[in-house]
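Each remark here refers to the structure printed beneath this line.
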There are 2 protein chains.
Amino acid sequence: MMDIEQQTSFRAFSDYRWDEVACLPYKEDGAAPFKAISRQVLFAEGQLGCELRYFEMAAGGNSTLERHEHMHAVMILRGCGQCLVGEEVRPVRPFDLVTIPSWTWHQFRAAGGEPLGFLCMVNALRDKPQLPTEQELAALKSHPAIAAFLDV
Amino acid sequence: MMDIEQQTSFRAFSDYRWDEVACLPYKEDGAAPFKAISRQVLFAEGQLGCELRYFEMAAGGNSTLERHEHMHAVMILRGCGQCLVGEEVRPVRPFDLVTIPSWTWHQFRAAGGEPLGFLCMVNALRDKPQLPTEQELAALKSHPAIAAFLDV
């Protein structure tokens, strides 16, 4: 379980960065396929029971296609794009909400013109993501809308 | 502990309302002093361990001056205003972060021109707020900046 020291009360926003919040590359160890994502942990105090993170991918970039037991509660904050949740692909834009249930394949993809940024709330105690096997990926691509989304 | 049914995966935003999210008056029973606040619960699935709510007060409105054991993790989403946390009064604007620690007096106040809206993340298990006694209010008002904030 991740914890951080008590934050100061006020942390100002400027250009999708926040005072005292580190901007980290996401999964930089190359363990998962993704493209140009940064991560900022906005709140992670233990007594909250959860964490709020801000992820941002460059224009045209995408997050990892993955699933896990823990759920994600997402609010888009910046830019437009598309999101796959289960067998559904939908456009997303600022302040839209996306619920990613347990064990549901999901991926975000930024449109071409602008970064896509979103808030993601998760339980502080959570499992690690799984990547699709070749068979699972083939099953997903049997849906034309998903194939079109994944092959963009 | 509050819980809700599993949300649909995508809930669109429009004019500070969200699909399938009820917009509720806040503390309408008159138990606490406040002015024109609405509340929308965006995420409250039990497995998250926490809830994400959106509160909005009308231009010139304010939230209740209160404190409690549970902490608040806040991100301003709309409009400008001021916020009291402990003995500090600070201006706030969209996407600024405000951390309200345990047992810390706090109040939000919208500027005159526009509603002030913010996300507030809390542990799903939490205590009820306390209002200040006359003595506690007098102690707060002994700070000139707080007196100016409270008497606006």
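Chain identifiers are assigned as A, B, and so on, following the order in which chains appear in the structure tokens; residues are numbered from 1 within each chain, and ligands are numbered from 1 in order of appearance.
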
Taking the DSSP secondary structure from the backbone, can you list the residues of segment 4-117 of chain B that are strand (DSSP E), as a ChimeraX atom specification? /B:10-11,13-14,17-18,24-25,37-43,50-57,72-78,81-85,88-92,97-100,106-110,116-117

Those residues you just picked out, can you put them in a file as a short mmCIF file (atom, residue, chain, number, x, y, z; two decimals), in the first residue's frame with N, CA and C atoms?
```cif
data_model
loop_
_atom_site.label_atom_id
_atom_site.label_comp_id
_atom_site.auth_asym_id
_atom_site.auth_seq_id
_atom_site.Cartn_x
_atom_site.Cartn_y
_atom_site.Cartn_z
N PHE B 10 -20.13 4.29 -19.32
CA PHE B 10 -19.91 5.65 -19.81
C PHE B 10 -21.05 6.55 -19.39
N ARG B 11 -20.72 7.64 -18.73
CA ARG B 11 -21.75 8.62 -18.34
C ARG B 11 -21.27 10.00 -18.79
N PHE B 13 -20.97 14.01 -19.63
CA PHE B 13 -21.06 15.29 -18.94
C PHE B 13 -21.76 16.31 -19.82
N SER B 14 -22.59 17.14 -19.24
CA SER B 14 -23.17 18.27 -19.97
C SER B 14 -23.59 19.34 -18.97
N ARG B 17 -23.72 18.61 -15.17
CA ARG B 17 -24.55 17.48 -14.79
C ARG B 17 -24.03 16.25 -15.52
N TRP B 18 -24.31 15.09 -14.98
CA TRP B 18 -23.84 13.84 -15.58
C TRP B 18 -25.01 12.89 -15.79
N LEU B 24 -28.74 16.62 -6.11
CA LEU B 24 -29.46 16.68 -4.85
C LEU B 24 -29.18 17.98 -4.11
N PRO B 25 -30.18 18.53 -3.46
CA PRO B 25 -29.88 19.66 -2.57
C PRO B 25 -29.08 19.14 -1.39
N ILE B 37 -26.33 25.00 -2.22
CA ILE B 37 -25.36 24.00 -2.65
C ILE B 37 -26.11 22.79 -3.21
N SER B 38 -25.57 22.25 -4.30
CA SER B 38 -26.07 20.98 -4.79
C SER B 38 -24.96 19.94 -4.71
N ARG B 39 -25.38 18.68 -4.72
CA ARG B 39 -24.46 17.55 -4.55
C ARG B 39 -24.80 16.50 -5.58
N GLN B 40 -23.76 15.98 -6.26
CA GLN B 40 -23.93 14.86 -7.18
C GLN B 40 -22.89 13.81 -6.82
N VAL B 41 -23.35 12.60 -6.60
CA VAL B 41 -22.43 11.50 -6.25
C VAL B 41 -22.00 10.83 -7.55
N LEU B 42 -20.72 10.99 -7.91
CA LEU B 42 -20.24 10.51 -9.21
C LEU B 42 -19.80 9.05 -9.15
N PHE B 43 -19.12 8.68 -8.08
CA PHE B 43 -18.69 7.29 -7.88
C PHE B 43 -18.85 6.94 -6.41
N CYS B 50 -13.96 4.44 -1.30
CA CYS B 50 -14.17 5.88 -1.15
C CYS B 50 -15.25 6.33 -2.12
N GLU B 51 -15.58 7.58 -2.04
CA GLU B 51 -16.61 8.16 -2.91
C GLU B 51 -16.07 9.44 -3.53
N LEU B 52 -16.56 9.73 -4.73
CA LEU B 52 -16.24 10.99 -5.38
C LEU B 52 -17.54 11.74 -5.62
N ARG B 53 -17.64 12.92 -5.01
CA ARG B 53 -18.84 13.73 -5.13
C ARG B 53 -18.49 15.06 -5.80
N TYR B 54 -19.48 15.67 -6.47
CA TYR B 54 -19.32 17.01 -7.03
C TYR B 54 -20.28 17.93 -6.31
N PHE B 55 -19.73 18.96 -5.69
CA PHE B 55 -20.55 19.96 -5.00
C PHE B 55 -20.47 21.27 -5.78
N GLU B 56 -21.60 21.94 -5.82
CA GLU B 56 -21.59 23.25 -6.50
C GLU B 56 -22.41 24.24 -5.71
N MET B 57 -21.83 25.41 -5.50
CA MET B 57 -22.59 26.46 -4.83
C MET B 57 -22.79 27.62 -5.80
N HIS B 72 -10.86 15.43 3.66
CA HIS B 72 -11.39 15.69 2.33
C HIS B 72 -10.23 15.90 1.36
N ALA B 73 -10.39 15.34 0.18
CA ALA B 73 -9.43 15.58 -0.91
C ALA B 73 -10.22 16.25 -2.03
N VAL B 74 -9.90 17.52 -2.29
CA VAL B 74 -10.74 18.36 -3.16
C VAL B 74 -9.97 18.81 -4.40
N MET B 75 -10.66 18.80 -5.54
CA MET B 75 -10.17 19.46 -6.75
C MET B 75 -11.26 20.41 -7.24
N ILE B 76 -10.88 21.68 -7.38
CA ILE B 76 -11.83 22.66 -7.93
C ILE B 76 -12.09 22.32 -9.40
N LEU B 77 -13.35 22.39 -9.80
CA LEU B 77 -13.67 22.03 -11.19
C LEU B 77 -14.23 23.23 -11.96
N ARG B 78 -14.87 24.14 -11.26
CA ARG B 78 -15.59 25.23 -11.94
C ARG B 78 -15.56 26.49 -11.09
N GLY B 81 -13.10 31.25 -6.23
CA GLY B 81 -13.61 31.62 -4.93
C GLY B 81 -12.48 31.63 -3.92
N GLN B 82 -12.87 31.46 -2.67
CA GLN B 82 -11.90 31.39 -1.59
C GLN B 82 -12.21 30.18 -0.74
N CYS B 83 -11.18 29.72 -0.05
CA CYS B 83 -11.35 28.56 0.80
C CYS B 83 -10.59 28.78 2.11
N LEU B 84 -11.28 28.46 3.20
CA LEU B 84 -10.65 28.46 4.52
C LEU B 84 -10.29 27.02 4.89
N VAL B 85 -9.02 26.82 5.26
CA VAL B 85 -8.60 25.51 5.80
C VAL B 85 -7.77 25.81 7.04
N GLU B 88 -5.95 29.27 7.43
CA GLU B 88 -5.48 29.81 6.17
C GLU B 88 -6.66 30.06 5.22
N VAL B 89 -6.69 31.25 4.61
CA VAL B 89 -7.69 31.57 3.59
C VAL B 89 -6.95 31.78 2.28
N ARG B 90 -7.38 31.05 1.26
CA ARG B 90 -6.65 31.15 -0.02
C ARG B 90 -7.63 31.21 -1.18
N PRO B 91 -7.25 31.94 -2.25
CA PRO B 91 -8.06 31.90 -3.47
C PRO B 91 -7.93 30.52 -4.14
N VAL B 92 -8.99 30.09 -4.78
CA VAL B 92 -8.95 28.82 -5.51
C VAL B 92 -9.56 29.01 -6.90
N LEU B 97 -5.86 21.95 -6.08
CA LEU B 97 -6.11 20.89 -5.10
C LEU B 97 -6.17 21.47 -3.70
N VAL B 98 -7.11 20.99 -2.91
CA VAL B 98 -7.23 21.41 -1.51
C VAL B 98 -7.31 20.16 -0.64
N THR B 99 -6.40 20.05 0.31
CA THR B 99 -6.40 18.93 1.27
C THR B 99 -6.93 19.44 2.60
N ILE B 100 -7.97 18.81 3.10
CA ILE B 100 -8.54 19.23 4.38
C ILE B 100 -8.29 18.11 5.38
N HIS B 106 -13.15 24.19 7.93
CA HIS B 106 -13.04 24.51 6.51
C HIS B 106 -14.36 25.05 5.99
N GLN B 107 -14.24 25.90 5.00
CA GLN B 107 -15.41 26.47 4.32
C GLN B 107 -14.99 26.95 2.94
N PHE B 108 -15.88 26.75 1.96
CA PHE B 108 -15.67 27.25 0.60
C PHE B 108 -16.64 28.40 0.35
N ARG B 109 -16.18 29.37 -0.42
CA ARG B 109 -17.03 30.52 -0.74
C ARG B 109 -16.84 30.87 -2.21
N ALA B 110 -17.94 30.89 -2.98
CA ALA B 110 -17.87 31.21 -4.41
C ALA B 110 -17.71 32.70 -4.60
N LEU B 116 -19.28 28.07 -7.96
CA LEU B 116 -18.02 27.38 -7.62
C LEU B 116 -18.35 25.89 -7.46
N GLY B 117 -17.66 25.06 -8.27
CA GLY B 117 -17.91 23.62 -8.20
C GLY B 117 -16.62 22.88 -7.92
#
```

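What separates atom CA of Ala111 of chain A from atom CA of Gly79 of chain A is a distance of 7.7 Å.
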
Which residue out of A:Asp96, A:Tyr26, A:Val21, A:Glu45 has the minimum interatomic distance to chain B when only C-alpha atoms are used?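 Looking only at the distances to chain B, the closest residue turns out to be A:Asp96.
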
Counting only C-alpha atoms, the residue of B:His68, B:Gly46, B:Ser102, B:Glu87 that sits nearest Ala145 of chain B: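 For Ala145 of chain B, the nearest of the given residues is B:Glu87.
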
Straight-line distance linking atom CA of Asp19 of chain A with atom CA of Phe95 of chain B, stated in Å to one decimal: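 Computed distance, atom CA of Asp19 of chain A to atom CA of Phe95 of chain B, equals 11.3 Å.
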
Taking only C-alpha atoms into account, which of A:Ala22, A:Ala59, A:Met121, A:Pro115 comes nearest chain B?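 Selected residue with least distance to chain B: A:Met121.
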
Give the answer as one residue: which of B:Pro144, B:Gly112, B:Pro132, B:Gly86 has the shortest atom-to-atom distance to chain A, using only C-alpha atoms?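 With only C-alpha atoms as the atom set, the closest residue is B:Gly86.
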
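Taking atom CA of Leu131 of chain B and atom CA of Trp105 of chain B as endpoints, the distance between them is 8.9 Å.
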
For Leu125 of chain A, the nearest of the candidates B:Gly49, B:Gly61, B:Pro101, B:Gly113, counting only C-alpha atoms: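 Under the stated criterion, the closest residue is B:Gly49.
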
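Secondary structure by DSSP on the backbone puts the following residues of chain A in alpha helix (DSSP H): Glu134, Gln135, Glu136, Leu137, Ala138, Ala139, Leu140, Lys141, Pro144, Ala145, Ile146, Ala147, Ala148, Phe149 and Leu150 of chain A.
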
Please determine, counting only C-alpha atoms, which residue among B:Leu140, B:Cys23, B:Asn123, B:Phe118 has the shortest atom-to-atom distance to Met71 of chain B.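 Nearest to Met71 of chain B: B:Asn123.
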